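Student: For reference, the file upload-v8.txt (compact mmCIF, C-alpha atoms) is included below:
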# COMPACT_ATOMS: atom_id res chain seq x y z
CA MET A 1 21.97 -24.92 -24.07
CA ARG A 2 21.50 -21.15 -24.29
CA GLU A 3 24.14 -18.90 -22.73
CA MET A 4 23.22 -15.91 -20.65
CA SER A 5 25.18 -12.72 -21.14
CA ALA A 6 26.62 -10.88 -18.15
CA MET A 7 24.05 -8.10 -18.54
CA GLN A 8 21.14 -10.55 -18.67
CA GLY A 9 22.42 -12.21 -15.50
CA PHE A 10 22.79 -8.83 -13.82
CA ALA A 11 19.26 -7.79 -14.79
CA ALA A 12 17.85 -11.08 -13.53
CA SER A 13 19.56 -10.63 -10.18
CA MET A 14 18.11 -7.11 -9.82
CA ALA A 15 14.52 -8.35 -9.46
CA PRO A 16 12.62 -6.37 -6.82
CA VAL A 17 12.82 -7.77 -3.31
CA LEU A 18 9.51 -8.57 -1.62
CA PHE A 19 9.12 -8.95 2.13
CA LYS A 20 6.40 -11.05 3.77
CA ALA A 21 4.44 -9.14 6.38
CA ALA A 22 1.26 -9.40 8.41
CA CYS A 23 -1.11 -6.90 9.97
CA PRO A 24 -1.90 -7.40 13.67
CA ASP A 25 -5.21 -5.50 13.28
CA CYS A 26 -6.91 -7.26 10.34
CA ARG A 27 -4.65 -10.35 10.37
CA SER A 28 -4.00 -10.11 6.63
CA ARG A 29 -0.79 -11.56 5.23
CA PHE A 30 0.84 -9.99 2.18
CA GLU A 31 4.11 -9.11 0.48
CA LEU A 32 5.55 -5.61 0.44
CA ALA A 33 8.20 -4.05 -1.77
CA ALA A 34 11.15 -2.34 -0.10
CA GLY A 35 9.62 1.07 -0.84
CA ALA A 36 6.59 0.27 1.32
CA LEU A 37 8.68 -0.28 4.44
CA ARG A 38 10.64 2.08 6.69
CA LEU A 39 13.35 1.05 9.13
CA ALA A 40 14.38 3.13 12.15
CA ILE A 41 17.60 2.16 13.93
CA GLY A 42 17.91 3.51 17.44
CA ALA A 43 20.37 3.15 20.26
CA SER A 44 18.53 0.19 21.80
CA ARG A 45 16.28 -2.72 20.90
CA ARG A 46 13.28 -0.66 22.02
CA THR A 47 14.05 2.11 19.55
CA THR A 48 14.85 -0.10 16.56
CA PHE A 49 11.77 -0.95 14.51
CA TYR A 50 10.27 -1.17 11.05
CA SER A 51 6.94 0.20 9.96
CA PHE A 52 4.49 0.03 7.08
CA THR A 53 0.87 0.73 6.23
CA CYS A 54 -1.34 -2.33 5.85
CA PRO A 55 -2.52 -2.49 2.23
CA GLU A 56 -5.75 -4.23 3.33
CA CYS A 57 -7.07 -2.09 6.19
CA GLY A 58 -4.82 1.00 6.08
CA SER A 59 -3.53 0.61 9.66
CA SER A 60 -0.10 1.93 10.53
CA VAL A 61 1.97 -1.01 11.73
CA ARG A 62 5.15 -0.78 13.79
CA LYS A 63 7.14 -3.88 14.74
CA PRO A 64 10.44 -4.37 16.59
CA ALA A 65 13.48 -5.18 14.45
CA GLY A 66 16.26 -7.35 15.81
CA GLU A 67 19.70 -7.63 14.23
CA ARG A 68 18.63 -10.22 11.64
CA ILE A 69 15.59 -8.19 10.53
CA VAL A 70 17.75 -5.06 10.25
CA GLU A 71 20.24 -6.99 8.11
CA LEU A 72 17.53 -8.36 5.79
CA LEU A 73 15.73 -5.03 5.39
CA THR A 74 18.85 -2.96 4.74
CA GLY A 75 20.16 -5.62 2.34
CA GLY A 76 16.84 -5.53 0.50
CA GLY A 77 16.92 -1.78 -0.06
CA VAL A 78 14.52 -0.57 2.65
CA ARG A 79 15.00 3.11 3.48
CA THR A 80 16.66 3.51 6.84
CA LEU A 81 16.56 6.30 9.40
CA ARG A 82 19.23 6.31 12.09
CA LEU A 83 17.90 7.79 15.30
CA HIS A 84 20.41 9.78 17.33
CA THR A 85 20.18 10.22 21.05
CA THR A 86 21.44 13.18 23.01
CA VAL A 87 23.21 12.20 26.18
For this file, write the structure as structure tokens.

Tutor:
Amino acid sequence: MREMSAMQGFAASMAPVLFKAACPDCRSRFELAAGALRLAIGASRRTTFYSFTCPECGSSVRKPAGERIVELLTGGGVRTLRLHTTV
């Protein structure tokens, strides 16, 4: 049995994260790297969403993001923008 060094294990665990997504316009299904997604966190459910550009048809896609989606995207390295409201 071959042993894995700590650095080899670390490198293996740093594999890029891919997220499954679909386009509502062309109905394509695909995987996107974290860099292809953007997450906006607002003060409410209506203002919290993620967005991407469909690699098949080029449409801009915006979808709502609940707590679980926010957790998965931030944990996977998706760039996040926190929206501030003025009250």

Student: What lies within 7 Å of stretch 30-40 of chain A using all atoms listed in the file, ignoring chain neighbours under 3 positions off, as a VMD selection string?

Tutor: chain A and resid 17 to 22 48 to 52 76 to 83

Student: Quick one, how far is atom CA of A:Lys63 from atom CA of A:Arg46?

Tutor: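 Atom CA of A:Arg46 lies 10.1 Å from atom CA of A:Lys63.
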
Student: Do you have the atom CA of A:Thr74-atom CA of A:Arg45 distance handy?

Tutor: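 Those two atoms sit 16.4 Å apart.
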
Student: With distances taken over all atoms listed in the file, which of A:Pro24, A:Gly42, A:Pro16, A:Pro55 is nearest to A:Val70?

Tutor: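 Selected residue with least distance to A:Val70: A:Gly42.
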
Student: Would you give the centre and edge lengths, in Å to one decimal, of a box along x, y and z around the listed atoms of stretch 45-49 of chain A, with 4 Å added to each side, as JSON?

Tutor:
{"center_x": 14.0, "center_y": -0.3, "center_z": 18.3, "size_x": 12.5, "size_y": 12.8, "size_z": 15.5}

Student: Counting all atoms listed in the file, which of A:Cys23, A:Cys54, A:Arg29, A:Thr47 gets nearest to A:Gly66?

Tutor: A:Thr47

Student: Please, what distance in Å, to one decimal, runs between atom CA of A:Val61 and atom CA of A:Ile41?

Tutor: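 So the answer is 16.1 Å.
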